[in-house]
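Source file structure.cif; content: mmCIF, C-alpha atoms and all ligand atoms.
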```
data_start
#
loop_
_atom_site.group_PDB
_atom_site.id
_atom_site.type_symbol
_atom_site.label_atom_id
_atom_site.label_comp_id
_atom_site.auth_asym_id
_atom_site.auth_seq_id
_atom_site.Cartn_x
_atom_site.Cartn_y
_atom_site.Cartn_z
ATOM 1 C CA MET A 12 0.000 0.000 0.000
ATOM 2 C CA GLU A 13 2.674 2.424 1.100
ATOM 3 C CA GLU A 14 4.808 1.328 -1.814
ATOM 4 C CA LEU A 15 2.013 2.172 -4.221
ATOM 5 C CA ALA A 16 1.532 5.603 -2.643
ATOM 6 C CA GLN A 17 5.236 6.261 -2.966
ATOM 7 C CA LYS A 18 5.209 5.163 -6.591
ATOM 8 C CA GLN A 19 2.287 7.443 -7.360
ATOM 9 C CA ALA A 20 3.941 10.368 -5.605
ATOM 10 C CA LYS A 21 7.051 9.747 -7.658
ATOM 11 C CA GLU A 22 5.096 9.693 -10.904
ATOM 12 C CA LYS A 23 3.354 12.910 -10.009
ATOM 13 C CA LYS A 24 6.555 14.746 -9.351
ATOM 14 C CA VAL A 25 7.588 16.350 -12.617
ATOM 15 C CA SER A 26 11.211 17.011 -13.132
ATOM 16 C CA PRO A 27 11.546 20.593 -14.349
ATOM 17 C CA LYS A 28 14.802 19.810 -16.061
ATOM 18 C CA SER A 29 13.361 17.017 -18.184
ATOM 19 C CA GLU A 30 10.353 19.170 -19.042
ATOM 20 C CA THR A 31 12.430 22.097 -20.203
ATOM 21 C CA ARG A 32 14.397 19.768 -22.454
ATOM 22 C CA LYS A 33 11.277 19.224 -24.528
ATOM 23 C CA ILE A 34 11.828 22.638 -26.088
ATOM 24 C CA GLU A 35 14.171 22.105 -28.973
ATOM 25 C CA VAL A 36 16.761 24.695 -29.821
ATOM 26 C CA SER A 37 17.224 24.891 -33.585
ATOM 27 C CA HIS A 38 19.873 27.506 -34.122
ATOM 28 C CA PRO A 39 22.119 27.473 -31.079
ATOM 29 C CA VAL A 40 24.929 29.909 -30.696
ATOM 30 C CA GLU A 41 28.007 28.668 -32.552
ATOM 31 C CA GLY A 42 30.238 26.382 -30.535
ATOM 32 C CA ALA A 43 33.374 27.294 -28.644
ATOM 33 C CA GLY A 44 36.105 28.597 -30.886
ATOM 34 C CA ALA A 45 33.705 30.270 -33.308
ATOM 35 C CA PRO A 46 34.248 34.011 -33.523
ATOM 36 C CA THR A 47 31.761 35.922 -31.408
ATOM 37 C CA HIS A 48 29.960 38.787 -33.054
ATOM 38 C CA PRO A 49 30.616 42.360 -31.955
ATOM 39 C CA VAL A 50 28.161 44.134 -29.668
ATOM 40 C CA LYS A 51 25.577 45.962 -31.751
ATOM 41 C CA ILE A 52 23.398 47.366 -28.974
ATOM 42 C CA LYS A 53 24.520 47.851 -25.390
ATOM 43 C CA VAL A 54 21.902 48.580 -22.755
ATOM 44 C CA GLU A 55 23.296 50.240 -19.629
ATOM 45 C CA HIS A 56 21.326 50.677 -16.405
ATOM 46 C CA LEU A 57 18.110 51.359 -18.278
ATOM 47 C CA ASN A 58 15.083 52.337 -16.205
ATOM 48 C CA GLY A 59 11.777 53.304 -17.805
ATOM 49 C CA TRP A 60 8.602 54.948 -16.512
ATOM 50 C CA PHE A 61 5.093 55.775 -17.620
ATOM 51 C CA GLY A 62 4.237 58.714 -15.362
ATOM 52 C CA GLU A 63 4.790 57.499 -11.802
ATOM 53 C CA LYS A 64 4.783 53.852 -12.783
ATOM 54 C CA GLN A 65 8.176 52.275 -13.278
ATOM 55 C CA ALA A 66 8.085 49.671 -16.056
ATOM 56 C CA LEU A 67 11.809 48.877 -16.484
ATOM 57 C CA PHE A 68 14.341 48.383 -13.688
ATOM 58 C CA ASP A 69 18.083 48.629 -14.264
ATOM 59 C CA ILE A 70 18.275 46.624 -17.496
ATOM 60 C CA ASN A 71 21.759 45.730 -18.705
ATOM 61 C CA MET A 72 22.311 43.647 -21.807
ATOM 62 C CA ASP A 73 24.570 43.295 -24.837
ATOM 63 C CA VAL A 74 22.839 42.451 -28.092
ATOM 64 C CA LEU A 75 25.313 40.937 -30.525
ATOM 65 C CA GLU A 76 25.414 41.729 -34.217
ATOM 66 C CA LYS A 77 23.973 39.114 -36.571
ATOM 67 C CA GLU A 78 22.357 37.213 -33.764
ATOM 68 C CA VAL A 79 18.698 36.756 -32.955
ATOM 69 C CA THR A 80 17.870 37.791 -29.405
ATOM 70 C CA ALA A 81 14.495 36.642 -28.079
ATOM 71 C CA ILE A 82 12.718 38.420 -25.235
ATOM 72 C CA ILE A 83 10.237 36.324 -23.275
ATOM 73 C CA GLY A 84 8.202 36.862 -20.138
ATOM 74 C CA PRO A 85 4.598 37.132 -18.938
ATOM 75 C CA SER A 86 2.184 39.785 -20.155
ATOM 76 C CA GLY A 87 2.940 43.222 -18.750
ATOM 77 C CA CYS A 88 6.555 42.424 -17.762
ATOM 78 C CA GLY A 89 7.971 45.205 -19.957
ATOM 79 C CA LYS A 90 9.032 43.443 -23.173
ATOM 80 C CA SER A 91 7.406 45.941 -25.520
ATOM 81 C CA THR A 92 8.547 48.871 -23.408
ATOM 82 C CA LEU A 93 12.130 47.612 -23.603
ATOM 83 C CA ILE A 94 12.212 47.131 -27.361
ATOM 84 C CA ARG A 95 10.444 50.453 -27.867
ATOM 85 C CA CYS A 96 13.371 52.061 -26.013
ATOM 86 C CA PHE A 97 15.764 50.534 -28.559
ATOM 87 C CA ASN A 98 14.526 52.813 -31.334
ATOM 88 C CA ARG A 99 13.399 55.753 -29.221
ATOM 89 C CA MET A 100 9.705 54.965 -29.605
ATOM 90 C CA HIS A 101 9.251 54.922 -25.817
ATOM 91 C CA GLU A 102 9.802 58.669 -25.634
ATOM 92 C CA THR A 103 6.920 59.271 -28.066
ATOM 93 C CA VAL A 104 4.468 58.381 -25.247
ATOM 94 C CA PRO A 105 3.725 61.713 -23.492
ATOM 95 C CA SER A 106 4.119 60.450 -19.899
ATOM 96 C CA ALA A 107 7.160 58.277 -20.640
ATOM 97 C CA ARG A 108 10.729 58.863 -19.512
ATOM 98 C CA HIS A 109 13.862 56.848 -18.944
ATOM 99 C CA THR A 110 17.271 56.944 -17.292
ATOM 100 C CA GLY A 111 20.369 55.006 -18.283
ATOM 101 C CA ASP A 112 21.702 54.576 -21.776
ATOM 102 C CA ILE A 113 21.493 52.533 -24.972
ATOM 103 C CA LEU A 114 24.523 52.447 -27.236
ATOM 104 C CA LEU A 115 24.293 51.595 -30.918
ATOM 105 C CA GLU A 116 27.784 50.595 -31.996
ATOM 106 C CA LYS A 117 29.220 52.363 -28.949
ATOM 107 C CA LYS A 118 27.354 55.608 -29.565
ATOM 108 C CA SER A 119 24.433 56.680 -27.401
ATOM 109 C CA ILE A 120 21.152 56.708 -29.333
ATOM 110 C CA PHE A 121 20.150 59.595 -27.038
ATOM 111 C CA ALA A 122 23.202 61.726 -27.907
ATOM 112 C CA ALA A 123 22.391 65.323 -28.844
ATOM 113 C CA ASN A 124 23.500 64.753 -32.427
ATOM 114 C CA MET A 125 21.525 61.518 -32.853
ATOM 115 C CA ASP A 126 18.334 62.261 -34.749
ATOM 116 C CA PRO A 127 15.488 59.943 -33.567
ATOM 117 C CA VAL A 128 14.378 59.570 -37.185
ATOM 118 C CA GLU A 129 17.850 58.337 -38.114
ATOM 119 C CA VAL A 130 17.833 55.953 -35.122
ATOM 120 C CA ARG A 131 14.502 54.542 -36.340
ATOM 121 C CA ARG A 132 15.885 54.163 -39.855
ATOM 122 C CA ARG A 133 18.799 52.100 -38.534
ATOM 123 C CA ILE A 134 16.667 50.237 -35.972
ATOM 124 C CA GLY A 135 13.340 49.378 -37.586
ATOM 125 C CA MET A 136 10.292 47.752 -36.049
ATOM 126 C CA VAL A 137 7.710 45.197 -37.153
ATOM 127 C CA PHE A 138 4.579 44.964 -35.034
ATOM 128 C CA GLN A 139 2.231 42.235 -33.862
ATOM 129 C CA LYS A 140 -0.507 43.204 -36.278
ATOM 130 C CA PRO A 141 0.789 43.693 -39.808
ATOM 131 C CA THR A 142 0.596 47.389 -40.605
ATOM 132 C CA PRO A 143 0.866 47.932 -44.372
ATOM 133 C CA PHE A 144 -0.677 51.129 -45.723
ATOM 134 C CA PRO A 145 -3.913 49.513 -46.965
ATOM 135 C CA THR A 146 -4.627 51.788 -49.916
ATOM 136 C CA LEU A 147 -1.036 52.059 -51.148
ATOM 137 C CA SER A 148 0.088 49.474 -53.682
ATOM 138 C CA LEU A 149 2.571 46.780 -52.661
ATOM 139 C CA TYR A 150 5.213 48.671 -54.624
ATOM 140 C CA ASP A 151 4.471 51.956 -52.874
ATOM 141 C CA ASN A 152 4.351 50.263 -49.480
ATOM 142 C CA VAL A 153 7.911 49.023 -49.936
ATOM 143 C CA VAL A 154 9.375 52.355 -51.045
ATOM 144 C CA VAL A 155 7.358 54.714 -48.871
ATOM 145 C CA GLY A 156 10.379 55.354 -46.622
ATOM 146 C CA LEU A 157 12.710 55.993 -49.547
ATOM 147 C CA ARG A 158 10.233 58.384 -51.133
ATOM 148 C CA LEU A 159 9.958 60.272 -47.842
ATOM 149 C CA ASN A 160 13.730 60.583 -48.019
ATOM 150 C CA GLY A 161 13.407 62.185 -51.450
ATOM 151 C CA VAL A 162 14.353 59.261 -53.702
ATOM 152 C CA ARG A 163 12.560 59.715 -57.052
ATOM 153 C CA ASP A 164 14.693 57.701 -59.489
ATOM 154 C CA LYS A 165 12.350 55.050 -60.929
ATOM 155 C CA LYS A 166 15.144 52.589 -61.709
ATOM 156 C CA ARG A 167 16.495 52.822 -58.156
ATOM 157 C CA LEU A 168 13.016 52.381 -56.679
ATOM 158 C CA ASP A 169 12.359 49.360 -58.923
ATOM 159 C CA GLU A 170 15.600 47.783 -57.756
ATOM 160 C CA VAL A 171 14.846 48.369 -54.094
ATOM 161 C CA VAL A 172 11.329 46.927 -54.459
ATOM 162 C CA GLU A 173 12.690 43.759 -56.017
ATOM 163 C CA SER A 174 15.614 43.294 -53.641
ATOM 164 C CA SER A 175 13.573 44.074 -50.496
ATOM 165 C CA LEU A 176 10.743 41.745 -51.473
ATOM 166 C CA LYS A 177 13.304 39.039 -52.230
ATOM 167 C CA LYS A 178 14.967 39.538 -48.838
ATOM 168 C CA ALA A 179 11.533 39.310 -47.207
ATOM 169 C CA ALA A 180 10.768 36.067 -49.131
ATOM 170 C CA LEU A 181 7.692 37.603 -50.761
ATOM 171 C CA TRP A 182 8.882 38.413 -54.283
ATOM 172 C CA GLU A 183 7.835 35.167 -55.962
ATOM 173 C CA GLU A 184 4.302 35.471 -54.588
ATOM 174 C CA VAL A 185 3.689 39.069 -55.640
ATOM 175 C CA LYS A 186 6.031 39.970 -58.502
ATOM 176 C CA ASP A 187 3.245 39.881 -61.098
ATOM 177 C CA SER A 188 0.899 42.122 -59.162
ATOM 178 C CA LEU A 189 2.945 44.820 -57.513
ATOM 179 C CA HIS A 190 0.228 47.390 -58.041
ATOM 180 C CA ARG A 191 -2.388 45.616 -55.960
ATOM 181 C CA PRO A 192 -3.202 47.408 -52.717
ATOM 182 C CA GLY A 193 -1.368 46.290 -49.563
ATOM 183 C CA ALA A 194 -4.664 45.226 -48.011
ATOM 184 C CA ALA A 195 -5.141 42.590 -50.725
ATOM 185 C CA LEU A 196 -2.569 40.277 -49.161
ATOM 186 C CA SER A 197 -3.026 37.557 -46.544
ATOM 187 C CA GLY A 198 -1.946 38.356 -42.982
ATOM 188 C CA GLY A 199 1.324 36.454 -43.340
ATOM 189 C CA GLN A 200 2.068 38.163 -46.653
ATOM 190 C CA GLN A 201 1.270 41.543 -45.100
ATOM 191 C CA GLN A 202 3.754 40.831 -42.326
ATOM 192 C CA ARG A 203 6.445 39.996 -44.893
ATOM 193 C CA LEU A 204 5.509 43.178 -46.770
ATOM 194 C CA CYS A 205 6.133 45.137 -43.565
ATOM 195 C CA ILE A 206 9.487 43.403 -43.203
ATOM 196 C CA ALA A 207 10.294 44.343 -46.841
ATOM 197 C CA ARG A 208 9.333 47.941 -46.073
ATOM 198 C CA ALA A 209 11.719 47.967 -43.107
ATOM 199 C CA LEU A 210 14.532 46.370 -45.137
ATOM 200 C CA ALA A 211 14.169 48.915 -47.967
ATOM 201 C CA ILE A 212 15.845 51.633 -45.953
ATOM 202 C CA ASP A 213 19.321 50.288 -45.097
ATOM 203 C CA LEU A 214 18.202 48.922 -41.803
ATOM 204 C CA GLU A 215 20.719 47.395 -39.384
ATOM 205 C CA VAL A 216 18.602 46.131 -36.503
ATOM 206 C CA LEU A 217 15.110 44.676 -36.838
ATOM 207 C CA LEU A 218 12.862 44.779 -33.778
ATOM 208 C CA MET A 219 9.900 42.414 -33.928
ATOM 209 C CA ASP A 220 7.155 42.614 -31.316
ATOM 210 C CA GLU A 221 5.233 39.333 -31.450
ATOM 211 C CA PRO A 222 5.395 39.288 -35.257
ATOM 212 C CA CYS A 223 3.639 35.929 -35.593
ATOM 213 C CA SER A 224 0.931 36.075 -32.968
ATOM 214 C CA ALA A 225 -1.726 37.026 -35.522
ATOM 215 C CA LEU A 226 -0.539 34.458 -38.072
ATOM 216 C CA ASP A 227 -1.413 30.868 -38.941
ATOM 217 C CA PRO A 228 1.239 28.127 -38.469
ATOM 218 C CA ILE A 229 2.353 28.129 -42.119
ATOM 219 C CA SER A 230 2.836 31.893 -42.216
ATOM 220 C CA THR A 231 4.563 31.660 -38.853
ATOM 221 C CA SER A 232 7.043 29.114 -40.101
ATOM 222 C CA LYS A 233 7.735 31.304 -43.154
ATOM 223 C CA ILE A 234 8.530 34.247 -40.899
ATOM 224 C CA GLU A 235 10.735 32.015 -38.742
ATOM 225 C CA GLU A 236 12.646 30.806 -41.810
ATOM 226 C CA LEU A 237 12.972 34.392 -42.887
ATOM 227 C CA ILE A 238 14.366 35.411 -39.490
ATOM 228 C CA HIS A 239 16.966 32.703 -39.883
ATOM 229 C CA GLU A 240 17.930 34.047 -43.339
ATOM 230 C CA LEU A 241 17.971 37.673 -42.219
ATOM 231 C CA ARG A 242 20.306 36.913 -39.352
ATOM 232 C CA GLN A 243 23.121 36.552 -41.909
ATOM 233 C CA ASN A 244 22.963 40.316 -42.451
ATOM 234 C CA TYR A 245 20.972 41.904 -39.659
ATOM 235 C CA THR A 246 20.681 41.985 -35.907
ATOM 236 C CA ILE A 247 17.238 40.844 -34.793
ATOM 237 C CA ILE A 248 15.421 41.264 -31.496
ATOM 238 C CA ILE A 249 12.136 39.396 -31.248
ATOM 239 C CA VAL A 250 9.535 39.531 -28.501
ATOM 240 C CA THR A 251 7.515 36.341 -28.396
ATOM 241 C CA HIS A 252 5.036 34.594 -26.133
ATOM 242 C CA ASN A 253 5.804 31.356 -27.866
ATOM 243 C CA MET A 254 8.709 29.677 -26.140
ATOM 244 C CA GLN A 255 9.111 27.057 -28.842
ATOM 245 C CA GLN A 256 9.498 29.927 -31.261
ATOM 246 C CA ALA A 257 12.123 31.621 -29.067
ATOM 247 C CA ALA A 258 14.002 28.326 -28.932
ATOM 248 C CA ARG A 259 13.718 27.811 -32.690
ATOM 249 C CA VAL A 260 14.819 31.208 -33.901
ATOM 250 C CA SER A 261 17.154 32.767 -31.364
ATOM 251 C CA GLN A 262 20.730 32.424 -30.187
ATOM 252 C CA LYS A 263 20.228 34.433 -26.982
ATOM 253 C CA THR A 264 17.150 34.623 -24.797
ATOM 254 C CA ALA A 265 16.249 37.302 -22.289
ATOM 255 C CA PHE A 266 13.678 36.449 -19.642
ATOM 256 C CA MET A 267 11.899 39.410 -18.048
ATOM 257 C CA LEU A 268 9.641 39.567 -15.027
ATOM 258 C CA ASN A 269 8.035 42.646 -13.439
ATOM 259 C CA GLY A 270 10.214 45.025 -15.442
ATOM 260 C CA LYS A 271 13.461 43.280 -14.532
ATOM 261 C CA LEU A 272 15.808 41.257 -16.678
ATOM 262 C CA ILE A 273 15.962 38.024 -14.723
ATOM 263 C CA GLU A 274 18.172 36.024 -17.050
ATOM 264 C CA PHE A 275 20.001 36.663 -20.302
ATOM 265 C CA ASN A 276 21.882 33.702 -21.662
ATOM 266 C CA PRO A 277 22.426 31.547 -24.749
ATOM 267 C CA THR A 278 19.022 30.191 -25.737
ATOM 268 C CA GLU A 279 20.113 26.611 -25.310
ATOM 269 C CA LYS A 280 21.086 27.290 -21.714
ATOM 270 C CA VAL A 281 17.893 29.172 -20.911
ATOM 271 C CA PHE A 282 15.755 26.281 -22.119
ATOM 272 C CA THR A 283 17.789 23.389 -20.768
ATOM 273 C CA ASN A 284 19.656 24.583 -17.713
ATOM 274 C CA PRO A 285 18.662 28.117 -16.713
ATOM 275 C CA ASP A 286 20.664 29.966 -14.073
ATOM 276 C CA ASN A 287 17.624 31.381 -12.335
ATOM 277 C CA LYS A 288 14.865 29.432 -10.611
ATOM 278 C CA LEU A 289 12.315 32.001 -11.835
ATOM 279 C CA THR A 290 13.308 31.296 -15.443
ATOM 280 C CA GLU A 291 12.843 27.606 -14.852
ATOM 281 C CA ASP A 292 9.439 28.162 -13.283
ATOM 282 C CA TYR A 293 8.349 30.279 -16.236
ATOM 283 C CA ILE A 294 9.530 27.988 -18.998
ATOM 284 C CA THR A 295 8.039 24.949 -17.320
ATOM 285 C CA GLY A 296 4.701 26.737 -17.231
ATOM 286 C CA ARG A 297 4.421 27.281 -13.496
ATOM 287 C CA PHE A 298 3.325 30.869 -13.964
ATOM 288 C CA GLY A 299 2.683 33.415 -16.724
HETATM 289 N N1 LIG B 301 1.327 53.755 -22.828
HETATM 290 C C1 LIG B 301 1.371 53.305 -21.569
HETATM 291 N N2 LIG B 301 0.948 54.079 -20.544
HETATM 292 C C2 LIG B 301 1.005 53.638 -19.266
HETATM 293 N N3 LIG B 301 1.466 52.428 -18.903
HETATM 294 C C3 LIG B 301 1.893 51.615 -19.875
HETATM 295 C C4 LIG B 301 1.866 51.997 -21.271
HETATM 296 N N4 LIG B 301 2.351 50.977 -21.993
HETATM 297 C C5 LIG B 301 2.653 50.008 -21.128
HETATM 298 N N5 LIG B 301 2.392 50.369 -19.846
HETATM 299 C C6 LIG B 301 2.612 49.561 -18.637
HETATM 300 O O1 LIG B 301 3.976 49.185 -18.569
HETATM 301 C C7 LIG B 301 4.114 47.823 -18.150
HETATM 302 C C8 LIG B 301 4.870 47.043 -19.213
HETATM 303 O O2 LIG B 301 4.063 46.969 -20.386
HETATM 304 P P1 LIG B 301 4.559 46.310 -21.737
HETATM 305 O O3 LIG B 301 3.588 46.688 -22.786
HETATM 306 O O4 LIG B 301 5.981 46.664 -21.952
HETATM 307 O O5 LIG B 301 4.448 44.758 -21.375
HETATM 308 P P2 LIG B 301 4.684 43.485 -22.316
HETATM 309 O O6 LIG B 301 5.684 42.626 -21.616
HETATM 310 O O7 LIG B 301 4.988 43.913 -23.698
HETATM 311 O O8 LIG B 301 3.246 42.778 -22.230
HETATM 312 P P3 LIG B 301 2.455 41.928 -23.361
HETATM 313 O O9 LIG B 301 3.107 40.590 -23.378
HETATM 314 O O10 LIG B 301 1.069 41.868 -22.819
HETATM 315 O O11 LIG B 301 2.567 42.662 -24.669
HETATM 316 C C9 LIG B 301 2.703 47.319 -17.915
HETATM 317 O O12 LIG B 301 2.436 47.412 -16.544
HETATM 318 C C10 LIG B 301 1.829 48.266 -18.691
HETATM 319 O O13 LIG B 301 0.574 48.409 -18.089
HETATM 320 MG MG MG B 302 3.972 43.712 -25.526
#
```

Output the structure of this file as structure tokens.
Ligand SMILES: Nc1ncnc2c1ncn2[C@@H]1O[C@H](COP(=O)(O)OP(=O)(O)OP(=O)(O)O)[C@@H](O)[C@H]1O
Ligand SMILES: [Mg+2]
Amino acid sequence: MEELAQKQAKEKKVSPKSETRKIEVSHPVEGAGAPTHPVKIKVEHLNGWFGEKQALFDINMDVLEKEVTAIIGPSGCGKSTLIRCFNRMHETVPSARHTGDILLEKKSIFAANMDPVEVRRRIGMVFQKPTPFPTLSLYDNVVVGLRLNGVRDKKRLDEVVESSLKKAALWEEVKDSLHRPGAALSGGQQQRLCIARALAIDLEVLLMDEPCSALDPISTSKIEELIHELRQNYTIIIVTHNMQQAARVSQKTAFMLNGKLIEFNPTEKVFTNPDNKLTEDYITGRFG
């Protein structure tokens, strides 16, 4: 009798370690000996507020060039606020302020001679809900940023449309109908159109805030493949609620809780052997 009770108790007890191992890491950071990438974005003692409410607490992290950094954590923990600091979108909220610094290639993005528009050109953002301009054609959606910068040369615009749509893995699907309106695409295609629009303007860092949460599994896997391709040339920071996705696409994972960065480590480590008990509790589904 007692033996049976013990056996049942044993079966009930789930090993967190074995559970976390179920999440497969597809693109781990290159092994020892491989050259590490330089730091693209350095976050130093970043605090952020909305009015009286503090949303970010002393965040420090190095985002490496040509890596995918995933940011995970429960709703309201500050993921969007953090990535909106990276391209100075946070300061566009009237009550918002921050202290601390963010360096883009060693230069503060808040420096007096850093134009926020230029920062947003170098560090572009793709949102949860695809946001193409619905009445503009696909072509015009891609080059809207270039046109705003005064580019008029038709040949140059044609080239950028083709190369950006190719980089965003959308060209083959739309090349024969570039003058359709942006709204005529599926959700997944619209998201790739938004990525093409970001890539059209010499972007260096791509911020993605839950880019797949409104998409079906096939569109999601296309975006994930695309992220893997884009990593060859860009630095990518992706906020995701989907831990399998974080494990599949990223080399580093940041886990946030209540505005604090709890753990920031190679993705493989975060999902198999995290340093922090809170990380383990989160990834094994104990809260959030
Ligand atoms: N514009 C705003 N004005 C006031 N408070 C805000 C604003 N935006 C966010 N907050 C608050 O800041 C905190 C962090 O929010 P944030 O949007 O960064 O969370 P998140 O981790 O992105 O959540 P989710 O996963 O739900 O998108 C929350 O408490 C939120 O209520
Ligand atoms: Mg968010």

### Task
Could you give me the residues within 12 Å of ligand MG 302 (chain B), counting all atoms listed in the file, as a ChimeraX atom specification?
/A:66,82-95,138-140,219-222,224,249-252,267,270

### Task
Identify which of the residues A:Ile52, A:Leu241, A:Leu57, A:Met125 lies closest to Leu75 (chain A), counting all atoms listed in the file when measuring atom-to-atom distances.
A:Ile52

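Compared by their closest atoms to ligand LIG 301 (chain B), and using all atoms listed in the file, the residues A:Arg297, A:Arg133, A:Lys271, A:Lys166 rank with A:Lys271 nearest.
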
### Task
Rank nothing, just name the residue among A:Gln65, A:Thr142, A:Ser175, A:Ser261 nearest to Asp213 (chain A), using all atoms listed in the file.
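Nearest to Asp213 (chain A): A:Ser175.
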
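Excluding Val128 (chain A) itself and any same-chain residue fewer than 5 positions from it, the protein and nucleic acid residues within 10 Å of it, counting all atoms listed in the file, are Asn98, Arg99, Arg133 and Ile134 of chain A.
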
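With CA of Gly199 (chain A) on one side and CA of Leu226 (chain A) on the other, the separation reads 5.9 Å.
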